[in-house]
Amino acid sequence: MDNRKADKKLKIVEEWCKGCNICVAFCPTNVLELRNNKVAIADIDKCTKCGLCELRCPDYAIYLEGSEDEK
Amino acid sequence: MDNRKADKKLKIVEEWCKGCNICVAFCPTNVLELRNNKVAIADIDKCTKCGLCELRCPDYAIYLEGSEDEK
Amino acid sequence: MSSQLIKNNFRMDRLPHIWCPGCGHGIIMRSMAQAIQNLGLDKQKVCIVSGIGCSSRAPGYMDFNTLHTTHGRALAFATGVKLANPELKVIVVTGDGDCSAIGGNHLIHTARRNIDITTIVFNNNIYGMTGGQYSPTTPTNDFGTTAPFGNIDKAFDICKLVDGAGATYVARGTAYHVNQLTKIIEKAISNIGFSLVDAISICPTYYGRKNKKGTAVQMMNYLKDSAVDTKVAEKLPPEKLENKFFIGEFKNTTEPEYTEEYMKIIKKYQKER
Amino acid sequence: MSSQLIKNNFRMDRLPHIWCPGCGHGIIMRSMAQAIQNLGLDKQKVCIVSGIGCSSRAPGYMDFNTLHTTHGRALAFATGVKLANPELKVIVVTGDGDCSAIGGNHLIHTARRNIDITTIVFNNNIYGMTGGQYSPTTPTNDFGTTAPFGNIDKAFDICKLVDGAGATYVARGTAYHVNQLTKIIEKAISNIGFSLVDAISICPTYYGRKNKKGTAVQMMNYLKDSAVDTKVAEKLPPEKLENKFFIGEFKNTTEPEYTEEYMKIIKKYQKER
Amino acid sequence: MKNRKVKLMQGNEACVEGALAAGMKFYAGYPITPSTEIAEICSQKLPLVGGKFIQMEDEIAGMAATIGGSLAGLKSMTATSGPGFSLKQENIGYAALAEVPCVIVDVQRAGPSTGLPTAPSQGDIMQAKWGTHGDHPVIALSPTSVKETFDLTVKCFNLSEKYRTPVMLMLDEIVGHMREKIEIPEADEIEIYDRKKPTQDEVDTYKAYRVNEGEIVPAMASFGEGFHFHVTGLMHDEFGFPSNDADTADKLLRRIMNKISDNVDDIVMFEEEFMEDAEMVVLAYGGTYRSARSAVKKARAMGLKVGLFKAITIWPFREKRVIEIAKDQKKILVPELNLGQYVLEVERIVAGKTEVHSLGKVNGEAITPDEILAKIREVL
Amino acid sequence: MKNRKVKLMQGNEACVEGALAAGMKFYAGYPITPSTEIAEICSQKLPLVGGKFIQMEDEIAGMAATIGGSLAGLKSMTATSGPGFSLKQENIGYAALAEVPCVIVDVQRAGPSTGLPTAPSQGDIMQAKWGTHGDHPVIALSPTSVKETFDLTVKCFNLSEKYRTPVMLMLDEIVGHMREKIEIPEADEIEIYDRKKPTQDEVDTYKAYRVNEGEIVPAMASFGEGFHFHVTGLMHDEFGFPSNDADTADKLLRRIMNKISDNVDDIVMFEEEFMEDAEMVVLAYGGTYRSARSAVKKARAMGLKVGLFKAITIWPFREKRVIEIAKDQKKILVPELNLGQYVLEVERIVAGKTEVHSLGKVNGEAITPDEILAKIREVL
Amino acid sequence: MVNQKEIRLSGSGGQGLILGGIILAEAAILDGNNAIQSQSYGPEARGGASKAEVIISNEAIDYPKVDKADLLLALTEVAYKKYIKTLKEDGILIVDSSVNIEDKNPSYKVMQIPILDTAFEKMGKGMVANIVALGVIREVTNVVSAESLEKAVLNRVPRGTEELNKKALMEGYLLASNRD
Amino acid sequence: MVNQKEIRLSGSGGQGLILGGIILAEAAILDGNNAIQSQSYGPEARGGASKAEVIISNEAIDYPKVDKADLLLALTEVAYKKYIKTLKEDGILIVDSSVNIEDKNPSYKVMQIPILDTAFEKMGKGMVANIVALGVIREVTNVVSAESLEKAVLNRVPRGTEELNKKALMEGYLLASNRD
Ligand SMILES: Cc1ncc(C[n+]2csc(CCOP(=O)(O)OP(=O)(O)O)c2C)c(N)n1
Ligand SMILES: Cc1ncc(C[n+]2csc(CCOP(=O)(O)OP(=O)(O)O)c2C)c(N)n1
Ligand code: SF4
Ligand code: SF4
Ligand code: SF4
Ligand code: SF4
Ligand code: SF4
Ligand code: SF4
Ligand SMILES: [Mg+2]
Ligand SMILES: [Mg+2]
């Protein structure tokens with residue numbers, strides 16, 4: 001895994017999200033929320049790029065990568 | 001099991017004996033021998049009625065019971 | 001003519017049995033009968049179930065309710081018998097191949113359920129009936145007709161296996177240590193739950209011949225010399241335990257028994273009677 | 001779009017997978033991919049084999065040599081694959097039902113042979129695919145569609161079972177403790193011999209619903225709160241361990257590996273080449 | 001008239017209700033789509049009547065325990081689908097040779113192998129007859145409706161008890177999973193047959209496999225009733241003991257085959273409709289029969305002279321009647337959810353006396369009435 | 001002429017020699033009488049040629065590992081007898097649907113169930129065709145001599161590789177256990193067929209289940225060669241991925257059935273003798289063929305016009321030729337060590353064009369020439 | 001004369017459509033008619049579109065599957081898209097208001113009705129959407145009597161929710177009748 | 001002309017009769033004839049009577065089983081009793097001298113020969129009884145050539161026992177020829 005956390009951006013694959021709420025519940029800084037049964041970013045500024053959402057998303061619908069956050 | 005050892009007599013079922021020699025080998029007092037591939041009593045007087053032959057005969061061909069030794 | 005024990009517990013017209021000269025199975029079968037008689041069980045309520053193999057021929061000789069099933073499946077049939085009529089004392093006679101090769105799954109599941117079935121494994125470390133192929137209990141490097149270059153499999157310790165699976169009574173005896181074996185079988189049958197007795201037998205015809213173990217007598221002597229009682233073993237230094245195996249009781253616990261638990265459900269929910 | 005890990009290791013056109021919202025299987029599958037990638041294995045030489053069940057659908061999504069077999073038989077197929085081509089890293093994905101119910105015999109025998117196969121059990125304590133029947137790992141008293149009055153079976157501890165059967169690497173992780181799980185899977189794959197990882201998953205759809213365990217998040221929290229690392233556990237007083245289960249490494253040993261032993265025979269006796 | 005319960009019920013559920021009505025007290029099985037509801041409902045209902053349900057570790061064990069339950073005296077059943085049916089075969093043969101009554105339900109799904117697990121099929125019809133090794137007797141019934149599922153499950157138990165043989169209920173996903181109106185008959189309207197048992201004064205003379213004068217099968221004791229008998233899957237003599245004797249083997253095997261073939265009239269059930277002036281007959285069974293009936297009605301509405309034959313008993317085959325139909329020169333069309341299995345037996349029996357046509361389908365969907373209708377028009 | 005080795009050899013041994021000659025490199029099985037020698041000899045001989053033998057925990061695992069070995073690229077075989085053949089059925093269906101070449105030997109013994117384990121039988125002939133659930137392709141051969149056992153085992157491998165399908169060698173205890181003179185052909189006299197593999201430049205375009213122009217079956221990669229393909233027992237598309245699509249399922253199943261039925265001429269082998277003026281024909285296979293030949297020779301010596309037909313390929317059935325025989329009004333007698341199995345298929349094909357007679361025997365003994373002769377005289 | 005109606009209820013898993021189908025069929029039986037309910041099972045169904053089918057007839061029903069339906073209920077867009085092809089040309093489509101209808105000029109009759117909104121907002125319980133839908137279907141088709149439908153609903157719903165479900169039915173009736 | 005001989009070797013397990021049958025068949029093959037060897041297997045055989053069968057012919061052998069034998073070798077009384085019925089009326093019985101012959105006036109020819117004694121006493125090795133018997137059979141029937149039989153024996157016996165076995169053959173020849 002690439003460790004330069006700060007460089008990474010938070011991405012969402014909406015079509016793959018099944019709205020299970022796991023990422024939302026286990027995000028340590030409450031960055032995420034469900035909207036219309038899909039994951040959405042409530043407050044990107046709180047994101048520490050810890051990667052826990054990616055780690056636990058059963059559907060690979062949220063991940064850190066590249067250089068642009070989703071808003 | 002009946003424990004009045006001394007009362008018991010040693011009996012042989014010749015048709016059932018397959019001549020494996022187990023009783024002969026493990027009789028503590030060498031009472032038994034094989035004759036013509038069948039168990040036979042060599043010296044009944046040595047028999048202590050310990051019952052080990054009966055216990056280990058795979059074919060139930062030797063046992064202690066009743067009141068008459070086989071000769 | 002034959003002894004009272006034999007007359008009382010065997011089908012006299014089926015004897016002598018088909019086992020080879022010196023086969024240990026006959027000794028173990030007698031020990032079973034002795035244990036049943038010692039316990040004073042009601043013969044009508046004893047059901048002896050087996051699979052397929054030399055060992056599995058035992059029930060055919062024994063004068064009880066007897067069932068000779070398919071290879072490996074004895075415990076699954078027995079589970080049906082026991083659950084359908086929990087009054088029966090169900091005893092399974094099986095071989096190392098029957099219970100730990102093809103029947104391994106039923107073995108571990110019957111142990112897991114802790115259903116009140118007593119399993120006596122006539123363990124001769126070989127497939128006797130089919131002529132000497134190595135079995136899951138054949139020691140590594142030993143020979144069998146299908147292990148012509150020496151067996152590379154590791155052997156099961158059936159006692160450990162069923163312990164890991166959940167059996168509540170586990171013990172081992174041998175065809176040499178007959179009185180101890182009879183005691184163990186008595187305790188196994190008395191345990192309300194799944195019990196297993198690993199009864200080490202000898203197969204002079206195949207295992208013995210393939211592995212140059214000599215005559216039946218020599219194989220009996222091996223049992224005599226190599227078996228160490230677990231209780232004694234604890235006190236012995238490791239070098240004294242090399243090439244030895246353990247006999248005696250490994251586990252003796254009490255846990256909820258399957259058919260009793262099932263009867264509780266019936267008592268609680270039954271509507272019709 | 002999706003992460004590099006996914007792109008590198010999955011068949012993108014097969015995603016999203018069919019698993020239910022919040023199903024733990026997806027998390028474990030990702031952890032597997034991560035472990036494989038971390039180890040830098042040659043993808044051409046990785047073969048992933050499964051049986052039948054929700055869990056067993058995993059190989060279909062993973063971009064390796066993949067084999068989806070019959071229910072319970074994954075380890076037997078995998079044994080054939082591995083022995084035929086020992087160069088392959090063979091990983092078996094299975095469910096608690098697949099590997100410990102119908103597949104229990106293959107599980108213990110593959111462990112016994114210590115053949116170099118890594119087994120990852122997606123253990124959700126239920127038959128997910130068929131709609132929520134209790135499995136051999138469903139805890140006693142829990143409910144399943146076939147245990148409407150509460151399960152009276154005792155549950156297998158799969159780790160203990162394969163330990164008793166002869167596995168050389170045995171560990172447990174959960175869908176919550178993902179990084180630890182990945183590490184464990186890495187070590188399991190690296191072990192030359194039979195390795196088993198009991199990966200505790202969650203099935204909100206059936207196990208959760210039948211047992212009022214709440215949402216996927218609540219079930220994840222349960223994993224978080226109830227799993228105790230074995231290393232930590234040793235230091236805790238018994239009252240702290242009530243209703244807990246253990247994760248971490250239970251066994252990590254080295255013993256002769258089956259295909260290596262077989263290759264020795266070939267080396268010694270082979271005539272034609 | 002009785003005040004029967006009218007209900008909407010699934011086929012699989014009706015199977016359990018039928019089994020309970022017939023006196024089932026034991027079920028052992030392993031879940032598999034599309035038969036799982038049968039296990040689930042049994043697990044709920046059996047304890048309520050003092051019966052036992054057990055989920056075994058696999059289908060082999062399920063079959064074994066079912067036989068064990070029956071030997072211990074309870075009417076026993078197991079249910080499965082294709083892959084599990086394949087696994088049960090060895091022990092089905094055991095039950096046949098050891099003459100242990102029991103009922104095996106196969107809710108057919110599309111195969112081979114895992115196939116299409118939730119799709120309907122009639123692909124195991126030949127397997128029901130030939131699935132286990134060696135010659136063996138077979139009785140198999142196949143219901144076409146939820147009500148018939150109830151009735152035939154009762155019948156399966158009765159036949160198995162009467163002939164001491166495993167009996168198969170060949171359901172299919174169509175009938176097993178659909179919900180339909182059913183009137184459940186009152187208990188006293190249902191004919192129940194219980195296995196003949198030896199009497200207590202026969203304890204000493206009882207031979208477990210001797211057929212008494214005037215009986216079809218040996219009287220059957222249960223374990224625990226004082227009869228120390230032996231049961232084996234080896235060829236055996238009248239006592240039940242293994243025997244290698246040629247005559248004993250021959251006698252045993254022919255007896256267990258003949259007990260079925262000599263009683264075909266008692267075992268075979270079928271129904272006919274629209275036959276009088278029919279120039280062709282659609283012979284169908286199970287879920288496909290419903291499509292056939294719909295097609296035949298449509299055909300009749302179009303003035304086509306088509307009859308309808310419902311095979312209820314699948315095995316043994318209704319040879320006599322089918323030969324009559326063939327002699328009448330009525331063409332026969334056999335639609336079935338496979339690539340043509342039962343039609344092979346029809347062809348054999350008909351022996352060239354009339355044309356036999358097959359309509360097979362294996363894409364996982366039911367045969368539609370229109371497909372049958374099209375074939376009818378092609379054949380006529 | 002080649003200097004061939006002339007040997008006395010057991011049928012089971014010839015099977016292994018044939019397999020080795022065909023390139024067998026993998027064997028997985030579980031011992032069972034009367035097939036055990038096959039496993040034993042494989043365990044001795046395979047390592048000598050760098051091949052692998054493994055004794056699995058049961059027959060199910062034996063079949064599974066055999067399929068696994070084949071997928072990993074080795075020519076694979078397993079052997080068993082009735083009870084084990086029943087257990088293997090589920091995975092045989094898997095091999096058929098997933099198109100995995102492999103050879104399954106069934107040394108038939110008397111059944112059903114445990115039956116008479118050491119007695120000869122031909123009781124699994126129908127099971128070979130119908131033993132697993134769902135429609136599936138079947139190829140089965142049955143040898144009549146030790147030499148033919150060698151040859152047909154080679155043929156089994158060739159057919160399985162060519163048609164990517166499990167092929168069954170239906171031995172029986174008679175041929176499997178007897179020792180007979182055999183000339184082992186030299187390696188270069190033996191025709192060997194190896195599965196078609198995709199070429200390395202197809203790595204990116206390879207579809208595991210697409211049949212290329214002009215081919216009968218899809219090219220088959222082995223695991224570990226760089227083709228990341230998927231194999232499943234579910235209905236699947238050309239990539240090998242599961243699909244619930246009706247057309248996909250239909251196409252797949254019909255393709256795997258047709259690859260056999262379209263090539264019957266290539267697959268079917270039979271031999272005829274004494275046919276010219278024959279008024280009746282004895283159609284036999286396996287060990288019973290030998291009794292039949294003896295009987296026919298005796299009959300001819302008595303002036304009876306009797307022909308002899310040896311069915312070498314059991315499945316698929318030689319329809320064309322048998323219909324010709326029937327049209328010639330030659331009566332057909334099928335002697336077999338069962339209660340009449342193959343005769344059913346003969347009856348079906350003949351469709352009334354001539355008389356078909358059955359001679360069955362199930363007492364554990366071989367059919368004698370005199371028994372067949374007696375029946376010939378009865379029929380003629 | 002044979003009077004046979006074939007109805008397909010579609011939406012997403014968890015919307016209780018199978019229960020809805022069962023209730024509809026049971027209501028028909030209470031009316032003295034015949035009814036068959038069926039559904040498609042399948043692993044692929046997990047999370048995807050879900051459907052249940054009901055055939056109601058005053059005579060014996062032979063073929064139990066619905067091919068082209070007389071009435072299609074579609075509660076979600078996914079379901080609408082997947083099943084709209086299976087509606088008869090002159091059939092009725094009852095579709096939730098949230099669904100985007102593509103075909104602007106269909107041969108079948110379209111009724112766009114706020115079923116989900118009503119269940120969620122008005123009733124506060126999304127889970128009664130199936131019952132609201134049954135009310136709508138009854139009102140539109142008359143395929144079962146109101147009396148039997150209510151009885152069938154009450155037979156099947158969990159204890160304690162009877163009033164809620166009665167109200168849901170009423171809302172369904174209202175939604176349908178308000179429309180015309 | 002077809003010249004076919006059917007031979008049954010019987011005795012008890014462990015007397016090496018199956019090996020004997022194999023050797024006889026192999027000798028026949030060395031002579032350029034056809035031969036089939038078969039035996040009965042079976043769990044019941046354990047410890048009981050054992051037998052092996054050989055058919056030797058100058059033409060193809062169809063039916064491979066021996067029904068009525070031209071020659072029966074019986075080394076034990078149990079075997080003699082069990083198999084004597086299977087000897088042809090005009091066949092030859094070669095029986096060990098230790099066996100008690102019941103039928104005093106048989107249609108077949110009886111040759112009572114001290115095979116076991118010869119092997120045990122003269123040779124000191126009971127295990128060569130089968131080879132002694134082969135020698136006797138050859139000498140009596142001429143069914144295989146002496147040259148081929150010796151070759152066949154030497155092909156099959158364990159290394160180091162060649163001379164012993166050659167001698168056993170010779171003893172067999174002598175036993176047979178001394179008789180007449
Ligand atoms: C399904 C099946 N597979 C294989 C066999 C063949 N078979 C019979 S007994 C046996 C092994 C018996 O070994 P074990 O259980 O150890 O008993 P033993 O003969 O050694 O007492 C085998 C493989 C069979 N009868 N059925
Ligand atoms: C021979 C056979 N029996 C039964 C089934 C039905 N079946 C499919 S998956 C499954 C259980 C799966 O449970 P598990 O392995 O725990 O996987 P999960 O779905 O929970 O991930 C069952 C019983 C089958 N496909 N084949
Ligand atoms: S990376 Fe961490 S902080 Fe950012 S959204 Fe994911 S879980 Fe929350
Ligand atoms: S964990 Fe994944 S699937 Fe679940 S809500 Fe978050 S992004 Fe969606
Ligand atoms: S009873 Fe004891 S002393 Fe007597 S013969 Fe038997 S073993 Fe020997
Ligand atoms: S132990 Fe029994 S069988 Fe063996 S020699 Fe002694 S009496 Fe005979
Ligand atoms: S083969 Fe072995 S196990 Fe079987 S009877 Fe003979 S000695 Fe006993
Ligand atoms: S049923 Fe359970 S295990 Fe299967 S996909 Fe759904 S949540 Fe996962
Ligand atoms: Mg054994
Ligand atoms: Mg699971």
# chains A, B, ... in the order shown; residues from 1 in each chain; ligands from 1

call {"tool": "interface_residues", "arguments": {"of": "chain E", "to": "chain G", "cutoff": "7 Å", "atoms": "only C-alpha atoms", "output": "list of chain:residue names"}}
result
E:Leu8, E:Thr118, E:His177, E:Met178, E:Arg179, E:Glu180, E:Lys181, E:Arg290, E:Ser291, E:Arg293, E:Ser294

call {"tool": "residues_around", "arguments": {"residues": "Glu148 in chain E", "least_positions_apart": "6", "cutoff": "10 Å", "atoms": "only C-alpha atoms", "output": "list of chain:residue names"}}
result
E:Gly11, E:Ala14, E:Cys15, E:Gly18, E:Ser142, E:Val154, E:Lys155, E:Val175, E:Ile182, E:Gly286, E:Ile312

call {"tool": "write_last_selection", "arguments": {"atoms": "N, CA and C atoms", "output": "compact mmCIF listing (two decimals), in the first residue's frame"}}
result
# COMPACT_ATOMS: atom_id res chain seq x y z
N GLY E 11 -46.34 -25.96 -2.77
CA GLY E 11 -46.17 -27.39 -3.03
C GLY E 11 -45.30 -28.06 -1.99
N ALA E 14 -47.20 -28.53 1.13
CA ALA E 14 -48.21 -29.60 1.01
C ALA E 14 -47.55 -30.96 1.14
N CYS E 15 -46.33 -31.04 0.69
CA CYS E 15 -45.59 -32.30 0.82
C CYS E 15 -45.42 -32.63 2.31
N GLY E 18 -48.79 -33.56 3.81
CA GLY E 18 -49.14 -34.92 3.40
C GLY E 18 -48.37 -35.95 4.21
N SER E 142 -45.03 -38.50 -9.34
CA SER E 142 -44.76 -37.08 -9.61
C SER E 142 -46.06 -36.29 -9.63
N VAL E 154 -48.81 -38.74 0.78
CA VAL E 154 -49.46 -39.79 1.57
C VAL E 154 -49.28 -41.14 0.87
N LYS E 155 -49.53 -41.13 -0.42
CA LYS E 155 -49.43 -42.36 -1.21
C LYS E 155 -48.01 -42.94 -1.16
N VAL E 175 -44.00 -27.05 -9.27
CA VAL E 175 -45.04 -27.43 -8.30
C VAL E 175 -44.55 -27.20 -6.86
N ILE E 182 -55.70 -25.32 -1.82
CA ILE E 182 -55.79 -26.75 -1.50
C ILE E 182 -56.81 -26.96 -0.40
N GLY E 286 -45.90 -34.17 -13.81
CA GLY E 286 -45.35 -33.08 -13.01
C GLY E 286 -45.81 -31.72 -13.48
N ILE E 312 -49.03 -40.25 -13.34
CA ILE E 312 -48.87 -39.88 -11.92
C ILE E 312 -47.78 -40.74 -11.32

call {"tool": "closest_atom_pairs", "arguments": {"of": "chain C", "to": "ligand 9", "cutoff": "6 Å", "atoms": "only C-alpha atoms and all ligand atoms", "output": "CSV"}}
result
residue,atom,partner,partner_atom_place_in_ligand_line,distance
C:Gly95,CA,ligand 9,1 (Mg),4.7
C:Asp96,CA,ligand 9,1 (Mg),4.6
C:Gly97,CA,ligand 9,1 (Mg),5.3
C:Asn123,CA,ligand 9,1 (Mg),5.4
C:Asn124,CA,ligand 9,1 (Mg),4.6
C:Asn125,CA,ligand 9,1 (Mg),5.3
C:Ile126,CA,ligand 9,1 (Mg),4.3
C:Tyr127,CA,ligand 9,1 (Mg),4.3
C:Gly128,CA,ligand 9,1 (Mg),5.2

call {"tool": "residues_near_ligand", "arguments": {"ligand": "ligand 2", "cutoff": "9 Å", "atoms": "only C-alpha atoms and all ligand atoms", "output": "ChimeraX atom specification"}}
result
/D:25,51-57,70-72,94-103,121-137,201,203 /E:30-34,36,58-59,80-87,113-114,117 /F:90

call {"tool": "select_by_dssp", "arguments": {"residues": "range 1-69 of chain A", "states": "alpha helix (DSSP H)", "output": "ChimeraX atom specification"}}
result
/A:22-26,52-56

call {"tool": "write_last_selection", "arguments": {"atoms": "N, CA and C atoms", "output": "PDB file, in the first residue's frame"}}
result
ATOM      1  N   ILE A  22     -21.726   0.764   6.581  1.00  0.00           N
ATOM      2  CA  ILE A  22     -20.551   0.376   7.351  1.00  0.00           C
ATOM      3  C   ILE A  22     -19.499   1.486   7.340  1.00  0.00           C
ATOM      4  N   CYS A  23     -19.212   2.021   6.165  1.00  0.00           N
ATOM      5  CA  CYS A  23     -18.187   3.062   6.095  1.00  0.00           C
ATOM      6  C   CYS A  23     -18.600   4.275   6.930  1.00  0.00           C
ATOM      7  N   VAL A  24     -19.863   4.582   6.864  1.00  0.00           N
ATOM      8  CA  VAL A  24     -20.360   5.737   7.612  1.00  0.00           C
ATOM      9  C   VAL A  24     -20.134   5.515   9.102  1.00  0.00           C
ATOM     10  N   ALA A  25     -20.537   4.361   9.569  1.00  0.00           N
ATOM     11  CA  ALA A  25     -20.478   4.096  11.005  1.00  0.00           C
ATOM     12  C   ALA A  25     -19.053   4.019  11.530  1.00  0.00           C
ATOM     13  N   PHE A  26     -18.155   3.504  10.720  1.00  0.00           N
ATOM     14  CA  PHE A  26     -16.807   3.289  11.240  1.00  0.00           C
ATOM     15  C   PHE A  26     -15.797   4.348  10.801  1.00  0.00           C
ATOM     16  N   LEU A  52      -9.947   3.567   6.526  1.00  0.00           N
ATOM     17  CA  LEU A  52     -10.796   2.551   7.158  1.00  0.00           C
ATOM     18  C   LEU A  52     -12.063   2.282   6.353  1.00  0.00           C
ATOM     19  N   CYS A  53     -12.563   3.321   5.709  1.00  0.00           N
ATOM     20  CA  CYS A  53     -13.767   3.123   4.912  1.00  0.00           C
ATOM     21  C   CYS A  53     -13.478   2.144   3.769  1.00  0.00           C
ATOM     22  N   GLU A  54     -12.350   2.356   3.109  1.00  0.00           N
ATOM     23  CA  GLU A  54     -11.975   1.471   2.000  1.00  0.00           C
ATOM     24  C   GLU A  54     -11.807   0.026   2.498  1.00  0.00           C
ATOM     25  N   LEU A  55     -11.159  -0.076   3.642  1.00  0.00           N
ATOM     26  CA  LEU A  55     -10.844  -1.384   4.203  1.00  0.00           C
ATOM     27  C   LEU A  55     -12.094  -2.198   4.488  1.00  0.00           C
ATOM     28  N   ARG A  56     -13.143  -1.541   4.916  1.00  0.00           N
ATOM     29  CA  ARG A  56     -14.318  -2.275   5.373  1.00  0.00           C
ATOM     30  C   ARG A  56     -15.498  -2.211   4.422  1.00  0.00           C
TER      31      ARG A  56
END

call {"tool": "atom_distance", "arguments": {"atom1": "CA of Phe223 in chain E", "atom2": "CA of Ala72 in chain E"}}
result
5.0 Å

call {"tool": "residues_around", "arguments": {"residues": "Val350 in chain F", "least_positions_apart": "3", "cutoff": "8 Å", "atoms": "only C-alpha atoms", "output": "list in words"}}
result
Ala351 of chain E; Val322, Ile323, Ala326, Val346, Glu347, Lys353, Thr354 and Val356 of chain F

call {"tool": "write_last_selection", "arguments": {"atoms": "N, CA, C and O atoms", "output": "PDB file, in the first residue's frame"}}
result
ATOM      1  N   ALA E 351     -42.951 -49.483 -29.084  1.00  0.00           N
ATOM      2  CA  ALA E 351     -42.314 -50.446 -29.995  1.00  0.00           C
ATOM      3  C   ALA E 351     -42.756 -50.272 -31.437  1.00  0.00           C
ATOM      4  O   ALA E 351     -43.092 -51.239 -32.126  1.00  0.00           O
TER       5      ALA E 351
ATOM      6  N   VAL F 322     -27.935 -51.208 -35.459  1.00  0.00           N
ATOM      7  CA  VAL F 322     -28.910 -52.103 -34.832  1.00  0.00           C
ATOM      8  C   VAL F 322     -30.241 -52.035 -35.566  1.00  0.00           C
ATOM      9  O   VAL F 322     -30.940 -53.043 -35.737  1.00  0.00           O
ATOM     10  N   ILE F 323     -30.567 -50.857 -36.059  1.00  0.00           N
ATOM     11  CA  ILE F 323     -31.808 -50.744 -36.844  1.00  0.00           C
ATOM     12  C   ILE F 323     -31.693 -51.580 -38.129  1.00  0.00           C
ATOM     13  O   ILE F 323     -32.637 -52.275 -38.523  1.00  0.00           O
ATOM     14  N   ALA F 326     -32.258 -55.109 -37.273  1.00  0.00           N
ATOM     15  CA  ALA F 326     -33.675 -55.333 -36.999  1.00  0.00           C
ATOM     16  C   ALA F 326     -34.461 -55.389 -38.308  1.00  0.00           C
ATOM     17  O   ALA F 326     -35.357 -56.213 -38.473  1.00  0.00           O
ATOM     18  N   VAL F 346     -31.979 -51.619 -26.620  1.00  0.00           N
ATOM     19  CA  VAL F 346     -32.123 -52.350 -27.887  1.00  0.00           C
ATOM     20  C   VAL F 346     -33.593 -52.382 -28.288  1.00  0.00           C
ATOM     21  O   VAL F 346     -33.953 -52.073 -29.431  1.00  0.00           O
ATOM     22  N   GLU F 347     -34.441 -52.713 -27.347  1.00  0.00           N
ATOM     23  CA  GLU F 347     -35.888 -52.737 -27.618  1.00  0.00           C
ATOM     24  C   GLU F 347     -36.361 -51.399 -28.167  1.00  0.00           C
ATOM     25  O   GLU F 347     -37.146 -51.319 -29.096  1.00  0.00           O
ATOM     26  N   LYS F 353     -39.434 -53.742 -34.862  1.00  0.00           N
ATOM     27  CA  LYS F 353     -39.097 -54.262 -36.195  1.00  0.00           C
ATOM     28  C   LYS F 353     -38.689 -55.733 -36.153  1.00  0.00           C
ATOM     29  O   LYS F 353     -38.743 -56.413 -37.156  1.00  0.00           O
ATOM     30  N   THR F 354     -38.211 -56.176 -35.005  1.00  0.00           N
ATOM     31  CA  THR F 354     -37.898 -57.599 -34.862  1.00  0.00           C
ATOM     32  C   THR F 354     -38.099 -57.977 -33.401  1.00  0.00           C
ATOM     33  O   THR F 354     -38.335 -57.123 -32.554  1.00  0.00           O
ATOM     34  N   VAL F 356     -36.993 -58.987 -29.781  1.00  0.00           N
ATOM     35  CA  VAL F 356     -35.831 -58.785 -28.920  1.00  0.00           C
ATOM     36  C   VAL F 356     -36.014 -59.640 -27.672  1.00  0.00           C
ATOM     37  O   VAL F 356     -37.081 -59.621 -27.059  1.00  0.00           O
TER      38      VAL F 356
END
